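Trainee: Structure file entry18.cif (mmCIF, C-alpha atoms) right here:
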```cif
data_data
#
loop_
_atom_site.label_atom_id
_atom_site.label_comp_id
_atom_site.auth_asym_id
_atom_site.auth_seq_id
_atom_site.Cartn_x
_atom_site.Cartn_y
_atom_site.Cartn_z
CA LEU A 25 122.84 76.69 96.15
CA PRO A 26 119.88 77.50 98.48
CA VAL A 27 121.86 80.36 100.06
CA LYS A 28 122.66 81.78 96.62
CA ASP A 29 119.00 81.55 95.61
CA THR A 30 117.95 83.33 98.81
CA LEU A 31 120.50 86.09 98.32
CA ASP A 32 119.33 86.53 94.74
CA LEU A 33 115.79 87.16 96.05
CA ILE A 34 116.51 89.40 99.05
CA GLY A 35 120.08 90.50 98.43
CA GLY A 36 121.23 93.94 97.47
CA LYS A 37 121.10 97.19 99.31
CA TRP A 38 117.34 97.75 99.51
CA LYS A 39 115.15 94.64 99.29
CA LEU A 40 115.45 93.52 102.89
CA LEU A 41 114.96 97.10 104.12
CA ILE A 42 111.79 97.36 102.02
CA ILE A 43 110.50 94.07 103.44
CA ILE A 44 111.21 95.32 106.97
CA SER A 45 109.48 98.63 106.24
CA ILE A 46 106.33 96.86 105.04
CA TRP A 47 106.58 94.50 108.03
CA GLU A 48 106.56 97.56 110.31
CA GLY A 49 103.28 98.76 108.82
CA ASN A 50 104.30 101.01 105.93
CA LYS A 51 101.87 99.89 103.24
CA HIS A 52 101.94 102.76 100.76
CA PHE A 53 104.70 103.76 98.36
CA ARG A 54 105.42 107.13 100.00
CA GLU A 55 105.42 105.62 103.49
CA ILE A 56 107.97 103.04 102.43
CA GLU A 57 110.04 105.67 100.64
CA ARG A 58 110.07 107.98 103.69
CA SER A 59 110.99 105.16 106.06
CA ILE A 60 114.23 104.32 104.21
CA PRO A 61 116.71 107.22 103.98
CA LYS A 62 118.52 107.68 100.66
CA LEU A 63 116.19 105.33 98.76
CA SER A 64 115.21 106.97 95.48
CA THR A 65 111.73 106.78 93.97
CA LYS A 66 113.06 105.05 90.85
CA VAL A 67 114.92 102.37 92.82
CA LEU A 68 111.97 101.76 95.15
CA SER A 69 109.67 101.28 92.17
CA LYS A 70 112.06 98.75 90.60
CA GLU A 71 112.62 96.85 93.85
CA LEU A 72 108.88 96.65 94.59
CA LYS A 73 108.32 95.16 91.12
CA ASP A 74 111.10 92.62 91.73
CA LEU A 75 109.69 91.68 95.14
CA GLU A 76 106.22 91.27 93.66
CA MET A 77 107.54 89.19 90.77
CA ASN A 78 109.31 86.91 93.28
CA LYS A 79 106.09 86.59 95.31
CA LEU A 80 107.47 88.26 98.43
CA ILE A 81 104.95 91.11 98.40
CA GLN A 82 101.45 91.60 97.08
CA ARG A 83 100.32 94.79 95.39
CA LYS A 84 96.67 95.68 95.91
CA VAL A 85 94.92 98.47 94.01
CA ILE A 86 92.28 100.15 96.17
CA ASP A 87 89.57 101.59 93.96
CA ASP A 88 88.93 104.81 95.82
CA ILE A 89 89.22 108.47 94.98
CA PRO A 90 92.08 108.86 94.47
CA VAL A 91 93.11 105.29 93.64
CA SER A 92 95.74 104.02 96.05
CA ILE A 93 98.10 101.07 96.15
CA GLU A 94 98.87 98.96 99.21
CA TYR A 95 101.77 96.59 99.56
CA THR A 96 101.62 93.63 101.92
CA LEU A 97 103.96 90.76 102.66
CA THR A 98 103.17 87.29 101.45
CA ASP A 99 103.45 84.34 103.80
CA HIS A 100 106.69 83.51 102.02
CA ALA A 101 108.17 86.88 103.00
CA LYS A 102 106.79 86.60 106.54
CA SER A 103 108.76 83.39 106.93
CA LEU A 104 111.90 85.57 106.86
CA GLY A 105 110.99 86.86 110.34
CA LYS A 106 113.45 84.67 112.24
CA VAL A 107 116.22 85.48 109.77
CA ILE A 108 115.59 89.22 110.15
CA GLN A 109 115.53 88.95 113.95
CA THR A 110 118.80 87.01 113.88
CA LEU A 111 120.42 89.62 111.61
CA HIS A 112 119.14 92.38 113.90
CA GLY A 113 120.61 90.71 116.97
CA TRP A 114 123.88 90.02 115.21
CA GLY A 115 124.09 93.64 114.08
CA LYS A 116 123.53 94.91 117.62
CA GLU A 117 126.39 92.77 118.92
#
```
Just dump the structure as structure tokens.
Mentor:
Amino acid sequence: LPVKDTLDLIGGKWKLLIIISIWEGNKHFREIERSIPKLSTKVLSKELKDLEMNKLIQRKVIDDIPVSIEYTLTDHAKSLGKVIQTLHGWGKE
């Protein structure tokens, strides 16, 4: 059951790639979008909302001109670091 719950949160084609993109320093919508080939604007928007709802990312509105949005990882998402590194190593092999 814990594996199923985890896959429900980070499974799918894009969620883990979005988490990795933010981890690598892409904090703005367009930066994230550009860093992941073939990811559409509509899908990115939906996935970011899902990740925020599941408390894996935080959305911060920066009251500037123009207003901008920054996405950051929560501690919960950062705890995926070892899993991501393991998947990376496994993929390289």
Trainee: On this structure, which residues satisfy the PyMOL selection byres ((chain A and resi 79) around 12), written as a PyMOL selection string?
Mentor: chain A and resi 33-34+43+72-78+80-83+95-102
Trainee: With distances taken over all atoms listed in the file, which residue among A:Leu104, A:Leu31, A:Leu111, A:Ile93 lies nearest Lys51 (chain A)?
Mentor: A:Ile93
Trainee: May I ask for the distance between CA of Lys39 (chain A) and CA of Val85 (chain A), given in Å to one decimal place?
Mentor: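 Computing it gives 21.3 Å between the two atoms.
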Trainee: Identify which of the residues A:Trp47, A:Asp88, A:His112, A:Trp38 lies closest to Ile60 (chain A), counting only C-alpha atoms when measuring atom-to-atom distances.
Mentor: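 Among A:Trp47, A:Asp88, A:His112, A:Trp38, it is A:Trp38 that comes nearest to Ile60 (chain A).
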Trainee: Could you tell me how far CA of Gly105 (chain A) lies from CA of Gly35 (chain A), in Å and to one decimal?
Mentor: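 Distance between the two atoms: 15.4 Å.
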Trainee: What lies within 12 Å of Gln109 (chain A) using only C-alpha atoms, ignoring chain neighbours under 6 positions off, as a PyMOL selection string?
Mentor: chain A and resi 40+44+102-103+115-116
Trainee: Export, as a PDB file, in the frame of the given file, the selected residues with C-alpha atoms.
Mentor:
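Produced file selection.pdb, reproduced below:
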```pdb
ATOM      1  CA  LEU A  40     115.450  93.520 102.890  1.00  0.00           C
ATOM      2  CA  ILE A  44     111.210  95.320 106.970  1.00  0.00           C
ATOM      3  CA  LYS A 102     106.790  86.600 106.540  1.00  0.00           C
ATOM      4  CA  SER A 103     108.760  83.390 106.930  1.00  0.00           C
ATOM      5  CA  GLY A 115     124.090  93.640 114.080  1.00  0.00           C
ATOM      6  CA  LYS A 116     123.530  94.910 117.620  1.00  0.00           C
TER       7      LYS A 116
END
```
